[in-house]
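Undergrad: Hey, dropping input.txt in here, compact mmCIF, C-alpha atoms and all ligand atoms:
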# COMPACT_ATOMS: atom_id res chain seq x y z
CA MET A 189 91.75 74.05 94.39
CA LEU A 190 91.33 77.85 94.00
CA LYS A 191 89.55 79.12 90.91
CA PRO A 192 91.81 80.95 88.41
CA ILE A 193 92.28 84.67 88.92
CA TRP A 194 93.85 87.52 86.99
CA GLY A 195 94.32 91.25 87.44
CA ALA A 196 97.01 93.69 88.48
CA VAL A 197 99.23 94.63 91.42
CA THR A 198 100.33 97.63 93.48
CA SER A 199 102.16 98.09 96.78
CA ALA A 200 101.30 100.54 99.55
CA HIS A 201 104.33 102.83 99.53
CA GLN A 202 104.42 102.98 95.75
CA VAL A 203 100.82 104.18 95.32
CA GLU A 204 99.15 105.31 98.55
CA GLY A 205 101.10 108.52 99.18
CA ASN A 206 102.22 110.09 102.45
CA ASN A 207 103.46 106.97 104.15
CA ARG A 208 105.36 109.12 106.61
CA TRP A 209 105.74 106.50 109.36
CA ASN A 210 107.91 104.11 107.38
CA ASP A 211 111.65 103.81 106.81
CA TRP A 212 111.38 104.58 103.08
CA TRP A 213 109.83 107.96 103.84
CA ALA A 214 112.66 108.69 106.29
CA TRP A 215 115.20 107.57 103.66
CA GLU A 216 113.66 109.90 101.09
CA GLU A 217 113.75 112.78 103.58
CA LEU A 218 117.47 112.17 104.08
CA GLY A 219 117.90 112.90 100.36
CA LYS A 220 119.03 109.36 99.53
CA VAL A 221 116.94 109.12 96.34
CA LYS A 222 116.41 111.38 93.37
CA GLU A 223 112.66 111.78 93.94
CA CYS A 224 110.45 111.51 97.04
CA SER A 225 107.23 109.51 97.01
CA LEU A 226 105.13 112.42 98.46
CA ASN A 227 101.51 111.89 97.32
CA ALA A 228 102.55 109.03 95.01
CA CYS A 229 99.29 108.12 93.19
CA ASP A 230 97.19 109.35 96.10
CA GLN A 231 95.61 105.92 96.19
CA TYR A 232 95.03 106.15 99.93
CA ARG A 233 92.25 108.53 98.89
CA LEU A 234 91.50 107.31 95.35
CA PHE A 235 91.39 103.54 95.87
CA ALA A 236 87.68 103.24 95.06
CA GLU A 237 88.14 104.91 91.66
CA ASP A 238 91.13 102.69 90.89
CA PHE A 239 89.30 99.49 91.85
CA GLN A 240 86.35 100.53 89.75
CA LEU A 241 88.72 100.96 86.83
CA ALA A 242 90.21 97.51 87.45
CA LYS A 243 86.73 96.02 87.48
CA SER A 244 85.78 97.82 84.26
CA LEU A 245 88.88 96.29 82.64
CA GLY A 246 87.63 92.80 83.44
CA HIS A 247 89.98 91.97 86.34
CA THR A 248 88.88 89.28 88.75
CA ALA A 249 91.53 89.93 91.42
CA HIS A 250 93.71 92.68 92.81
CA ARG A 251 97.00 92.34 94.67
CA PHE A 252 97.97 95.14 97.08
CA SER A 253 99.97 95.48 100.28
CA ILE A 254 99.02 96.47 103.78
CA GLU A 255 101.35 99.12 105.21
CA TRP A 256 102.52 97.92 108.63
CA SER A 257 103.44 101.47 109.71
CA ARG A 258 99.88 102.68 109.19
CA LEU A 259 98.61 100.01 111.59
CA GLU A 260 101.43 100.33 114.12
CA PRO A 261 102.95 103.82 113.71
CA GLU A 262 104.63 103.49 117.10
CA GLU A 263 105.66 100.30 118.79
CA GLY A 264 102.63 98.69 120.44
CA HIS A 265 100.25 101.53 119.45
CA TRP A 266 97.64 100.16 117.13
CA ASN A 267 96.08 102.81 114.96
CA GLU A 268 92.35 102.22 114.54
CA GLU A 269 92.19 104.69 111.65
CA GLY A 270 94.64 102.54 109.69
CA PHE A 271 92.59 99.38 110.31
CA ARG A 272 89.41 101.21 109.27
CA HIS A 273 91.08 102.35 106.07
CA TYR A 274 91.95 98.79 105.03
CA GLU A 275 88.49 97.64 106.07
CA LYS A 276 87.11 100.11 103.49
CA VAL A 277 89.62 98.79 100.97
CA PHE A 278 88.35 95.23 101.53
CA ASP A 279 84.71 96.37 101.38
CA CYS A 280 85.37 98.13 98.12
CA LEU A 281 87.16 95.15 96.54
CA GLU A 282 84.32 92.92 97.66
CA SER A 283 81.68 95.22 96.21
CA GLN A 284 83.57 95.21 92.88
CA GLY A 285 83.87 91.42 92.96
CA LEU A 286 87.70 91.60 93.01
CA GLU A 287 89.49 88.82 94.91
CA PRO A 288 92.04 90.42 97.29
CA VAL A 289 95.59 89.06 97.16
CA VAL A 290 97.24 90.62 100.19
CA THR A 291 100.94 91.28 100.74
CA LEU A 292 102.10 91.82 104.31
CA HIS A 293 105.65 93.08 103.70
CA HIS A 294 106.56 94.94 100.54
CA PHE A 295 110.01 96.49 101.26
CA THR A 296 108.88 99.02 103.93
CA ASN A 297 109.07 98.91 107.74
CA PRO A 298 107.79 101.21 110.48
CA ILE A 299 110.40 103.79 111.50
CA TRP A 300 110.36 102.59 115.12
CA PHE A 301 111.14 99.03 113.94
CA ALA A 302 113.98 100.28 111.73
CA ARG A 303 115.42 102.39 114.59
CA ARG A 304 115.53 99.35 116.84
CA GLY A 305 117.66 97.54 114.26
CA GLY A 306 115.01 96.40 111.77
CA TRP A 307 115.53 92.92 110.40
CA LEU A 308 118.89 92.66 112.18
CA GLN A 309 117.18 92.43 115.59
CA LYS A 310 117.19 89.01 117.21
CA ASN A 311 113.41 89.20 117.70
CA ALA A 312 112.52 90.86 114.34
CA ALA A 313 110.46 87.87 113.20
CA GLU A 314 108.48 87.84 116.45
CA ARG A 315 107.79 91.59 116.15
CA PHE A 316 106.52 91.08 112.61
CA ALA A 317 104.38 88.18 113.86
CA LEU A 318 102.58 90.53 116.30
CA TYR A 319 101.59 92.73 113.36
CA VAL A 320 100.48 89.70 111.35
CA THR A 321 98.37 88.52 114.29
CA ARG A 322 96.53 91.88 114.39
CA VAL A 323 95.96 91.74 110.64
CA ALA A 324 94.74 88.15 110.82
CA GLU A 325 92.38 88.91 113.73
CA ARG A 326 90.82 91.74 111.80
CA PHE A 327 90.93 90.57 108.17
CA GLY A 328 91.75 86.87 108.32
CA ARG A 329 88.27 85.77 107.30
CA ARG A 330 88.16 88.12 104.30
CA VAL A 331 91.31 86.94 102.53
CA ARG A 332 91.98 83.61 100.84
CA ILE A 333 95.32 84.43 99.23
CA TRP A 334 98.21 85.88 101.24
CA ILE A 335 101.73 86.88 100.28
CA THR A 336 103.80 87.27 103.44
CA LEU A 337 106.97 88.74 101.87
CA ASN A 338 107.56 90.40 98.56
CA GLU A 339 110.87 89.41 96.91
CA PRO A 340 112.93 88.74 100.05
CA LEU A 341 116.19 88.30 98.11
CA ILE A 342 115.77 91.63 96.28
CA TYR A 343 115.04 93.35 99.57
CA ILE A 344 118.16 91.84 101.15
CA TYR A 345 120.33 92.65 98.15
CA GLN A 346 119.27 96.30 97.81
CA SER A 347 119.03 97.07 101.53
CA PHE A 348 121.87 95.05 103.07
CA ILE A 349 124.36 94.15 100.32
CA VAL A 350 124.53 97.11 97.91
CA GLY A 351 122.90 99.48 100.38
CA ILE A 352 120.89 101.66 98.00
CA TRP A 353 117.67 101.09 99.97
CA PRO A 354 117.16 101.61 103.72
CA PRO A 355 118.90 100.82 106.00
CA GLY A 356 121.77 101.26 103.53
CA GLU A 357 123.97 98.42 104.86
CA LYS A 358 126.76 96.93 102.76
CA SER A 359 127.53 93.66 104.46
CA LEU A 360 127.03 90.09 103.35
CA ASP A 361 126.95 88.96 106.95
CA LYS A 362 124.19 91.36 107.87
CA GLY A 363 122.32 90.40 104.71
CA LEU A 364 122.35 86.75 105.75
CA ASN A 365 121.20 87.58 109.26
CA ALA A 366 118.32 89.68 107.92
CA LEU A 367 117.40 86.89 105.51
CA ARG A 368 117.22 84.38 108.37
CA GLN A 369 114.84 86.68 110.25
CA LEU A 370 112.70 87.25 107.17
CA LEU A 371 112.30 83.55 106.49
CA LYS A 372 111.49 82.88 110.12
CA ALA A 373 108.95 85.73 109.92
CA HIS A 374 107.36 84.05 106.92
CA VAL A 375 107.00 80.73 108.72
CA LEU A 376 105.45 82.39 111.78
CA ALA A 377 103.07 84.39 109.55
CA TYR A 378 102.13 81.21 107.68
CA GLN A 379 101.14 79.55 110.95
CA ILE A 380 99.21 82.57 112.23
CA LEU A 381 97.25 83.08 109.02
CA HIS A 382 96.19 79.43 108.95
CA GLU A 383 95.26 79.51 112.60
CA TYR A 384 92.97 82.54 112.12
CA ALA A 385 91.41 81.17 108.94
CA ARG A 386 89.82 78.53 111.19
CA GLY A 387 89.22 76.03 108.44
CA ALA A 388 88.20 78.61 105.80
CA ASP A 389 90.10 78.67 102.50
CA CYS A 390 93.56 80.10 103.12
CA SER A 391 96.56 79.91 100.80
CA VAL A 392 99.85 81.48 101.81
CA SER A 393 103.09 82.03 99.92
CA ILE A 394 105.81 84.56 99.23
CA ALA A 395 106.34 86.50 95.99
CA GLN A 396 109.64 85.10 94.72
CA HIS A 397 111.66 87.30 92.38
CA THR A 398 112.92 85.16 89.50
CA ILE A 399 115.29 85.76 86.58
CA ALA A 400 115.75 83.65 83.45
CA PHE A 401 119.42 82.87 82.84
CA THR A 402 121.35 82.02 79.68
CA PRO A 403 125.07 81.15 79.61
CA CYS A 404 127.17 83.88 78.05
CA ASN A 405 128.85 81.28 75.90
CA ARG A 406 126.48 78.36 75.37
CA LYS A 407 129.40 76.03 74.59
CA SER A 408 131.32 76.80 77.77
CA PRO A 409 130.83 74.20 80.53
CA PHE A 410 132.17 76.77 83.02
CA ASP A 411 129.56 79.37 82.10
CA ARG A 412 126.94 76.64 82.43
CA LEU A 413 128.22 75.67 85.87
CA SER A 414 128.05 79.29 87.09
CA LEU A 415 124.58 79.54 85.60
CA PHE A 416 123.49 76.45 87.50
CA PHE A 417 124.66 77.87 90.85
CA ARG A 418 123.25 81.32 90.19
CA SER A 419 119.85 80.17 89.04
CA TRP A 420 119.63 77.77 91.99
CA PHE A 421 120.44 80.60 94.35
CA VAL A 422 118.13 83.20 92.76
CA ASN A 423 115.15 81.11 91.67
CA GLN A 424 115.07 77.96 93.76
CA LEU A 425 116.82 78.32 97.11
CA ILE A 426 114.20 80.24 99.09
CA LEU A 427 111.18 78.33 97.81
CA ARG A 428 112.81 74.96 98.31
CA SER A 429 114.07 76.01 101.75
CA LEU A 430 110.55 76.97 102.83
CA LEU A 431 109.31 73.59 101.66
CA SER A 432 112.10 71.52 103.20
CA GLY A 433 112.54 73.53 106.42
CA PHE A 434 116.29 74.03 105.78
CA LEU A 435 117.99 77.11 104.40
CA PHE A 436 121.08 75.49 102.99
CA PHE A 437 123.73 76.53 100.52
CA PRO A 438 126.97 74.51 100.56
CA GLY A 439 129.87 76.52 101.97
CA VAL A 440 127.78 79.67 102.41
CA PHE A 441 125.09 79.00 105.02
CA CYS A 442 122.91 76.44 106.72
CA GLU A 443 119.95 77.16 108.95
CA LYS A 444 117.00 75.19 110.26
CA LEU A 445 113.65 76.97 109.87
CA PRO A 446 110.89 76.65 112.49
CA ALA A 447 108.73 74.43 110.23
CA ARG A 448 108.58 72.60 106.92
CA LYS A 449 106.10 73.11 104.09
CA SER A 450 105.16 76.72 104.70
CA LEU A 451 103.97 77.35 101.14
CA ASP A 452 100.52 76.48 99.77
CA PHE A 453 101.33 77.71 96.27
CA LEU A 454 104.26 79.42 94.54
CA GLY A 455 104.04 83.20 94.06
CA ILE A 456 106.32 84.06 91.14
CA ASN A 457 107.48 87.51 90.00
CA TYR A 458 109.18 87.44 86.61
CA TYR A 459 110.46 90.34 84.50
CA SER A 460 113.68 89.67 82.60
CA ARG A 461 116.76 87.58 81.84
CA ASP A 462 120.51 87.83 82.52
CA PHE A 463 123.52 86.32 80.76
CA VAL A 464 125.95 84.58 83.11
CA ARG A 465 129.67 83.99 82.73
CA PHE A 466 132.14 82.03 84.80
CA GLN A 467 134.14 83.86 87.43
CA GLY A 468 135.65 81.24 89.70
CA LEU A 469 134.69 78.34 91.89
CA TRP A 470 134.93 79.60 95.45
CA GLY A 471 132.72 81.76 97.64
CA LEU A 472 130.48 84.17 95.81
CA ASP A 473 132.46 83.68 92.59
CA GLN A 474 130.62 80.41 92.07
CA PHE A 475 127.52 82.45 91.13
CA GLY A 476 129.36 83.84 88.10
CA ALA A 477 129.20 87.38 86.73
CA ILE A 478 126.42 89.08 84.80
CA CYS A 479 127.30 90.07 81.27
CA PRO A 480 126.13 93.62 80.46
CA LYS A 481 122.66 93.78 78.93
CA SER A 482 124.11 94.53 75.48
CA HIS A 483 125.74 91.06 75.75
CA HIS A 484 128.10 92.13 72.97
CA GLY A 485 125.13 92.65 70.68
CA LYS A 486 124.27 88.93 70.59
CA GLU A 487 120.77 87.40 70.83
CA VAL A 488 119.29 90.12 73.06
CA GLY A 489 115.62 91.08 72.85
CA GLU A 490 113.98 94.47 73.27
CA ILE A 491 114.89 96.51 76.35
CA ASN A 492 112.55 98.30 78.79
CA ASP A 493 113.08 101.85 80.10
CA LEU A 494 115.19 100.52 82.99
CA GLY A 495 117.45 98.60 80.60
CA TRP A 496 116.03 95.14 81.41
CA GLU A 497 115.80 92.70 78.54
CA ILE A 498 112.37 91.48 77.45
CA TYR A 499 112.51 87.70 77.23
CA PRO A 500 109.01 86.13 77.20
CA ARG A 501 110.31 82.56 76.92
CA GLY A 502 111.77 83.07 80.40
CA ILE A 503 108.39 82.87 82.11
CA TYR A 504 107.93 79.41 80.57
CA GLU A 505 111.44 78.35 81.61
CA ILE A 506 110.82 79.54 85.16
CA VAL A 507 107.40 77.98 85.78
CA THR A 508 108.42 74.65 84.24
CA SER A 509 111.51 74.57 86.50
CA TYR A 510 109.13 74.10 89.47
CA ARG A 511 107.27 71.15 87.90
CA ASP A 512 108.58 68.67 90.48
CA LEU A 513 107.20 70.76 93.38
CA LYS A 514 103.64 70.00 92.24
CA LEU A 515 102.26 73.23 93.69
CA PRO A 516 99.90 75.70 91.99
CA ILE A 517 101.72 78.74 90.59
CA LEU A 518 100.38 82.27 90.78
CA ILE A 519 102.24 84.88 88.72
CA THR A 520 102.29 87.54 91.40
CA GLU A 521 104.09 90.09 89.17
CA ASN A 522 105.10 90.43 85.54
CA GLY A 523 105.33 93.69 83.66
CA VAL A 524 107.30 96.24 81.73
CA CYS A 525 108.10 99.93 82.09
CA SER A 526 107.93 101.85 78.86
CA GLU A 527 106.66 105.15 77.54
CA ASP A 528 105.72 103.15 74.44
CA ASP A 529 102.49 101.28 75.12
CA SER A 530 102.84 99.14 71.98
CA LEU A 531 105.88 97.56 73.67
CA ARG A 532 103.72 96.85 76.72
CA GLN A 533 101.10 95.26 74.50
CA ARG A 534 103.68 92.99 72.87
CA TYR A 535 105.14 92.15 76.28
CA ILE A 536 101.82 91.10 77.77
CA GLU A 537 100.72 89.10 74.77
CA ALA A 538 104.03 87.24 74.45
CA HIS A 539 104.38 86.43 78.17
CA LEU A 540 100.82 85.17 78.44
CA ALA A 541 101.29 83.02 75.33
CA GLU A 542 104.30 81.37 77.02
CA LEU A 543 102.31 80.90 80.20
CA GLU A 544 99.47 79.32 78.28
CA LYS A 545 101.94 76.90 76.71
CA ALA A 546 103.16 75.85 80.17
CA LYS A 547 99.57 75.49 81.35
CA LYS A 548 98.72 73.26 78.41
CA GLU A 549 101.72 71.11 79.33
CA GLY A 550 100.17 70.53 82.75
CA ILE A 551 101.82 73.21 84.91
CA PRO A 552 99.11 74.24 87.42
CA ILE A 553 98.83 77.98 86.75
CA LEU A 554 96.52 79.57 89.26
CA GLY A 555 96.52 83.03 87.71
CA TYR A 556 98.36 86.08 86.47
CA LEU A 557 98.79 89.52 88.03
CA TYR A 558 100.31 92.34 85.99
CA TRP A 559 102.69 94.89 87.55
CA SER A 560 101.20 97.40 87.75
CA LEU A 561 97.62 98.65 87.71
CA VAL A 562 98.77 102.28 87.69
CA ASP A 563 102.12 104.01 87.07
CA ASN A 564 103.78 104.49 90.45
CA PHE A 565 106.84 105.29 92.57
CA GLU A 566 109.60 102.92 91.46
CA TRP A 567 111.74 103.15 94.63
CA ALA A 568 115.25 104.55 93.96
CA GLU A 569 114.28 105.13 90.32
CA GLY A 570 111.49 107.59 91.22
CA PHE A 571 108.43 108.19 89.06
CA LYS A 572 110.08 108.02 85.65
CA PRO A 573 109.57 104.30 84.85
CA ARG A 574 105.99 103.77 83.69
CA PHE A 575 104.75 100.25 84.42
CA GLY A 576 100.98 100.91 84.51
CA ILE A 577 98.25 99.66 82.23
CA VAL A 578 96.74 102.88 83.52
CA GLU A 579 98.71 106.10 83.05
CA VAL A 580 98.87 108.55 85.93
CA ASP A 581 99.24 112.28 85.41
CA TYR A 582 100.98 113.22 88.67
CA THR A 583 100.18 116.93 88.25
CA ASN A 584 96.46 116.32 88.89
CA GLN A 585 96.24 112.57 89.73
CA SER A 586 94.07 111.86 86.69
CA ARG A 587 94.08 108.35 85.21
CA ARG A 588 94.04 107.32 81.56
CA VAL A 589 93.61 103.70 80.55
CA ARG A 590 96.30 102.54 78.12
CA PRO A 591 95.38 100.22 75.21
CA SER A 592 97.55 97.48 76.80
CA ALA A 593 94.79 97.07 79.41
CA GLN A 594 92.61 95.55 76.70
CA VAL A 595 95.42 93.27 75.54
CA LEU A 596 95.76 92.04 79.12
CA ARG A 597 92.05 91.34 79.24
CA LYS A 598 91.97 89.48 75.93
CA SER A 599 95.00 87.31 76.74
CA CYS A 600 93.84 86.51 80.28
CA GLU A 601 90.30 85.70 79.25
CA GLN A 602 91.70 83.38 76.62
CA ILE A 603 93.74 81.48 79.21
CA PHE A 604 91.60 81.66 82.31
CA GLY A 605 88.15 82.02 80.76
CA ARG A 606 85.60 84.81 81.05
CA THR A 607 83.89 85.43 84.34
O1 LIG A 701 108.13 98.08 91.52
C1 LIG A 701 108.68 96.84 91.79
C2 LIG A 701 107.92 96.14 92.90
O2 LIG A 701 107.91 96.90 94.07
C3 LIG A 701 108.55 94.79 93.21
N1 LIG A 701 108.76 94.02 92.01
C4 LIG A 701 109.36 94.65 90.87
C5 LIG A 701 108.64 95.95 90.56
C6 LIG A 701 109.27 96.62 89.33
O3 LIG A 701 110.61 96.90 89.57
Starting from the file, lay out its structure as structure tokens.
Ligand code: IFM
TA:
Amino acid sequence: MLKPIWGAVTSAHQVEGNNRWNDWWAWEELGKVKECSLNACDQYRLFAEDFQLAKSLGHTAHRFSIEWSRLEPEEGHWNEEGFRHYEKVFDCLESQGLEPVVTLHHFTNPIWFARRGGWLQKNAAERFALYVTRVAERFGRRVRIWITLNEPLIYIYQSFIVGIWPPGEKSLDKGLNALRQLLKAHVLAYQILHEYARGADCSVSIAQHTIAFTPCNRKSPFDRLSLFFRSWFVNQLILRSLLSGFLFFPGVFCEKLPARKSLDFLGINYYSRDFVRFQGLWGLDQFGAICPKSHHGKEVGEINDLGWEIYPRGIYEIVTSYRDLKLPILITENGVCSEDDSLRQRYIEAHLAELEKAKKEGIPILGYLYWSLVDNFEWAEGFKPRFGIVEVDYTNQSRRVRPSAQVLRKSCEQIFGRT
């Protein structure tokens, strides 16, 4: 059993800056988003300062992602400079005593991979597996906790269904094909990472995006039915598929995965809740419709700067819904964007109190990682949303610790103990 960890999270494209070999950079250059990532937080250069900050704030772990396009900027050309960079990142985390939690795919792909068809290629999973093999050869012995994919359903939804992220597809069919490849890629990565760990500690999962759901009308059996389907689809389907070896949703799809049990723990990202109302029984209608956040002014909590409701009880509802899986749970993301740090303080305190309650009831909580360590590039939303416990002044890349960083420390030390 891994010892408890806590800390914060970032992802390469959102903080490193100048990730010019990936499809997001190309998308930005095409003018598809309101702001370009450019230097982002310049963390490619400033990582040591940021990790030192994290250490000074009491963190015991740090989750970040490796940028595939820095290691393989062109197909089959492995860039030693990229490997050396991440080697320094690992050295630095080690010297600060921060446990690395490493993500292998966080929404971005090398441009060459995207040009060949990205996740719609028949051999996409195998191409990803070659990258994972190189990473495992080089860093496999330095990492105990791996996240293969960040929020696969969000990626599919934004990139293949609504098309506001690259490659900008709007097709359910293509979305399902890409999802199949992603899940296959996860299973292959799971096998490779374990193989290279050669008996050393190695725990692998995905970071599953979750949403708490409440029926629009609590008394309506129809709203409850839609809620059941939707929450199964959003919160349960992928995790249970990776454990059973079957991706199966009645009437929508069925697929056998290359192996069963490809999760050693559950990586859970939780932010907010939605209200669900009945829409029909067939096809996608069975998942119901989302009531607008105002929910007619009824029972809605505070709202973050992106309009998402703050619902701390949801983290308890989500983690307890996995009780039967009997796997350790790592909160791989939880956080709030707000210019008002007192809201962030309340958010952190309330969510960790709910998590502590679940832990006391016997849910095996492995740790908590806050999104995000520093303010960063929030994809199509640009730099406006501020998620960081550390504020970034983008005009000069200076950092300023927000008071919420101390609230995070106090709450986490209370739950997980002091180190
Ligand atoms: O910024 C994102 C991150 O990339 C994935 N999870 C949600 C965060 C906040 O929207």
Undergrad: As a quick test: using all atoms listed in the file, which residues lie no more than 9 Å away from ligand LIG 701 (chain A)? Give them as a short mmCIF file (atom, residue, chain, number, x, y, z; two decimals) with C-alpha atoms, keeping the file's coordinate frame.
TA:
data_model
loop_
_atom_site.label_atom_id
_atom_site.label_comp_id
_atom_site.auth_asym_id
_atom_site.auth_seq_id
_atom_site.Cartn_x
_atom_site.Cartn_y
_atom_site.Cartn_z
CA VAL A 197 99.23 94.63 91.42
CA THR A 198 100.33 97.63 93.48
CA SER A 199 102.16 98.09 96.78
CA HIS A 201 104.33 102.83 99.53
CA GLN A 202 104.42 102.98 95.75
CA HIS A 294 106.56 94.94 100.54
CA PHE A 295 110.01 96.49 101.26
CA ASN A 338 107.56 90.40 98.56
CA GLU A 339 110.87 89.41 96.91
CA ILE A 342 115.77 91.63 96.28
CA ALA A 395 106.34 86.50 95.99
CA HIS A 397 111.66 87.30 92.38
CA ASN A 457 107.48 87.51 90.00
CA TYR A 458 109.18 87.44 86.61
CA TYR A 459 110.46 90.34 84.50
CA LEU A 494 115.19 100.52 82.99
CA GLU A 521 104.09 90.09 89.17
CA ASN A 522 105.10 90.43 85.54
CA GLY A 523 105.33 93.69 83.66
CA VAL A 524 107.30 96.24 81.73
CA CYS A 525 108.10 99.93 82.09
CA TRP A 559 102.69 94.89 87.55
CA SER A 560 101.20 97.40 87.75
CA ASN A 564 103.78 104.49 90.45
CA PHE A 565 106.84 105.29 92.57
CA GLU A 566 109.60 102.92 91.46
CA TRP A 567 111.74 103.15 94.63
CA PRO A 573 109.57 104.30 84.85
CA PHE A 575 104.75 100.25 84.42
#
Undergrad: Between A:Ala200, A:Ala447, A:Leu554, A:Ala242, which has the minimum distance to Leu596 in chain A (counting only C-alpha atoms)?
TA: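 Nearest candidate to Leu596 in chain A out of A:Ala200, A:Ala447, A:Leu554, A:Ala242: A:Ala242.
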Undergrad: Between A:Ile536, A:Leu318, A:Ile506, A:Ala568, which has the minimum distance to Lys598 in chain A (counting all atoms listed in the file)?
TA: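 The answer is A:Ile536, which sits nearest to Lys598 in chain A.
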Undergrad: I'd like the contact shell of Pro480 in chain A - 12 Å cut-off, only C-alpha atoms, skipping same-chain residues fewer than 5 positions apart - returned as a list in words.
TA: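 Here the qualifying residues turn out to be Cys404, Arg461, Asp462, Phe463, Val464, Arg465, Gly485, Lys486, Val488, Gly495, Trp496 and Glu497 of chain A.
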Undergrad: Using all atoms listed in the file, find all polymer residues with an atom at most 12 Å away from the point (90.1, 99.6, 108.5); report them as an mmCIF file with C-alpha atoms, keeping the file's coordinate frame.
TA:
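Below is the file that was written, out29.cif:
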data_model
loop_
_atom_site.group_PDB
_atom_site.id
_atom_site.type_symbol
_atom_site.label_atom_id
_atom_site.label_comp_id
_atom_site.auth_asym_id
_atom_site.auth_seq_id
_atom_site.Cartn_x
_atom_site.Cartn_y
_atom_site.Cartn_z
ATOM 1 C CA TYR A 232 95.030 106.150 99.930
ATOM 2 C CA ILE A 254 99.020 96.470 103.780
ATOM 3 C CA GLU A 255 101.350 99.120 105.210
ATOM 4 C CA ARG A 258 99.880 102.680 109.190
ATOM 5 C CA LEU A 259 98.610 100.010 111.590
ATOM 6 C CA TRP A 266 97.640 100.160 117.130
ATOM 7 C CA ASN A 267 96.080 102.810 114.960
ATOM 8 C CA GLU A 268 92.350 102.220 114.540
ATOM 9 C CA GLU A 269 92.190 104.690 111.650
ATOM 10 C CA GLY A 270 94.640 102.540 109.690
ATOM 11 C CA PHE A 271 92.590 99.380 110.310
ATOM 12 C CA ARG A 272 89.410 101.210 109.270
ATOM 13 C CA HIS A 273 91.080 102.350 106.070
ATOM 14 C CA TYR A 274 91.950 98.790 105.030
ATOM 15 C CA GLU A 275 88.490 97.640 106.070
ATOM 16 C CA LYS A 276 87.110 100.110 103.490
ATOM 17 C CA VAL A 277 89.620 98.790 100.970
ATOM 18 C CA PHE A 278 88.350 95.230 101.530
ATOM 19 C CA ASP A 279 84.710 96.370 101.380
ATOM 20 C CA CYS A 280 85.370 98.130 98.120
ATOM 21 C CA ARG A 322 96.530 91.880 114.390
ATOM 22 C CA VAL A 323 95.960 91.740 110.640
ATOM 23 C CA ARG A 326 90.820 91.740 111.800
ATOM 24 C CA PHE A 327 90.930 90.570 108.170
#
Undergrad: Which one is closest to Arg597 in chain A: A:Gln379, A:Gln396, A:Thr508, A:Ser244? Count all atoms listed in the file.
TA: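 Closest candidate: A:Ser244.
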Undergrad: Find the residue from A:Gln424, A:Gln240, A:Thr607, A:Gln474 that sits nearest to Phe436 in chain A; use only C-alpha atoms when measuring.
TA: A:Gln424
Undergrad: Out of A:Tyr319, A:Trp307, A:Trp194, A:Trp212, which residue has the shortest atom-to-atom distance to Gly264 in chain A when counting only C-alpha atoms?
TA: A:Tyr319
Undergrad: Hey, can you check how far CA of Phe235 in chain A sits from CA of Val203 in chain A?
TA: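 Interatomic distance here is 9.5 Å.
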Undergrad: I'd like the interatomic distance between CA of Arg329 in chain A and CA of Ser391 in chain A, to a tenth of an Å.
TA: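 Those two atoms sit 12.1 Å apart.
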Undergrad: Go through A:Val507, A:Arg606, A:Trp334, A:Leu341 one by one, measure the shortest atom-to-atom distance of each to Val422 in chain A using all atoms listed in the file, and give the residue with the smallest value.
TA: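 Checking each candidate against Val422 in chain A, we get A:Leu341 as the closest.
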Undergrad: Please, what distance in Å, to one decimal, runs between CA of Thr398 in chain A and CA of Leu292 in chain A?
TA: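 Between CA of Thr398 in chain A and CA of Leu292 in chain A the gap is 19.5 Å.
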Undergrad: Which neighbours of Val320 in chain A fall inside 12 Å, counting all atoms listed in the file, when residues of the same chain fewer than 4 positions from it are skipped, and could you give them as a PyMOL selection string?
TA: chain A and resi 254-256+259-260+290-293+313-316+324-328+334-337+373-384
Undergrad: Excluding Arg418 in chain A and any residue of its chain fewer than 5 positions from it, enumerate the residues within 9 Å of it, using only C-alpha atoms, and give them as a ChimeraX atom specification.
TA: /A:401,413,423,464,474-476
Undergrad: Quick one: everything within 12 Å of Gly605 in chain A, counting all atoms listed in the file, minus sequence neighbours fewer than 2 positions away in the same chain. Send it as number ranges by chain.
TA: A: 191-194, 246-248, 544, 555, 597-603, 607
Undergrad: Would you compute an axis-aligned box for range 232-242 of chain A, covering every atom listed for it in the file with 5 Å of margin on each side, and report centre and edge lengths in Å to one decimal as lines of an AutoDock Vina configuration file?
TA:
center_x = 90.7
center_y = 103.0
center_z = 93.4
size_x = 18.7
size_y = 21.0
size_z = 23.1
Undergrad: List as a PyMOL selection string: which residues have an atom within 10 Å of (118.2, 97.4, 101.2), counting all atoms listed in the file?
TA: chain A and resi 295-296+341-358+363
Undergrad: For range 579-594 of chain A, list every protein, DNA or RNA residue within 7 Å, evaluated using all atoms listed in the file, and leave out those in the same chain fewer than 5 positions away; present the list as a list of chain:residue names.
TA: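 Final neighbour list, sorted by chain and number: A:Cys229, A:Leu245, A:Asp529, A:Arg532, A:Gln533, A:Val562, A:Asp563.
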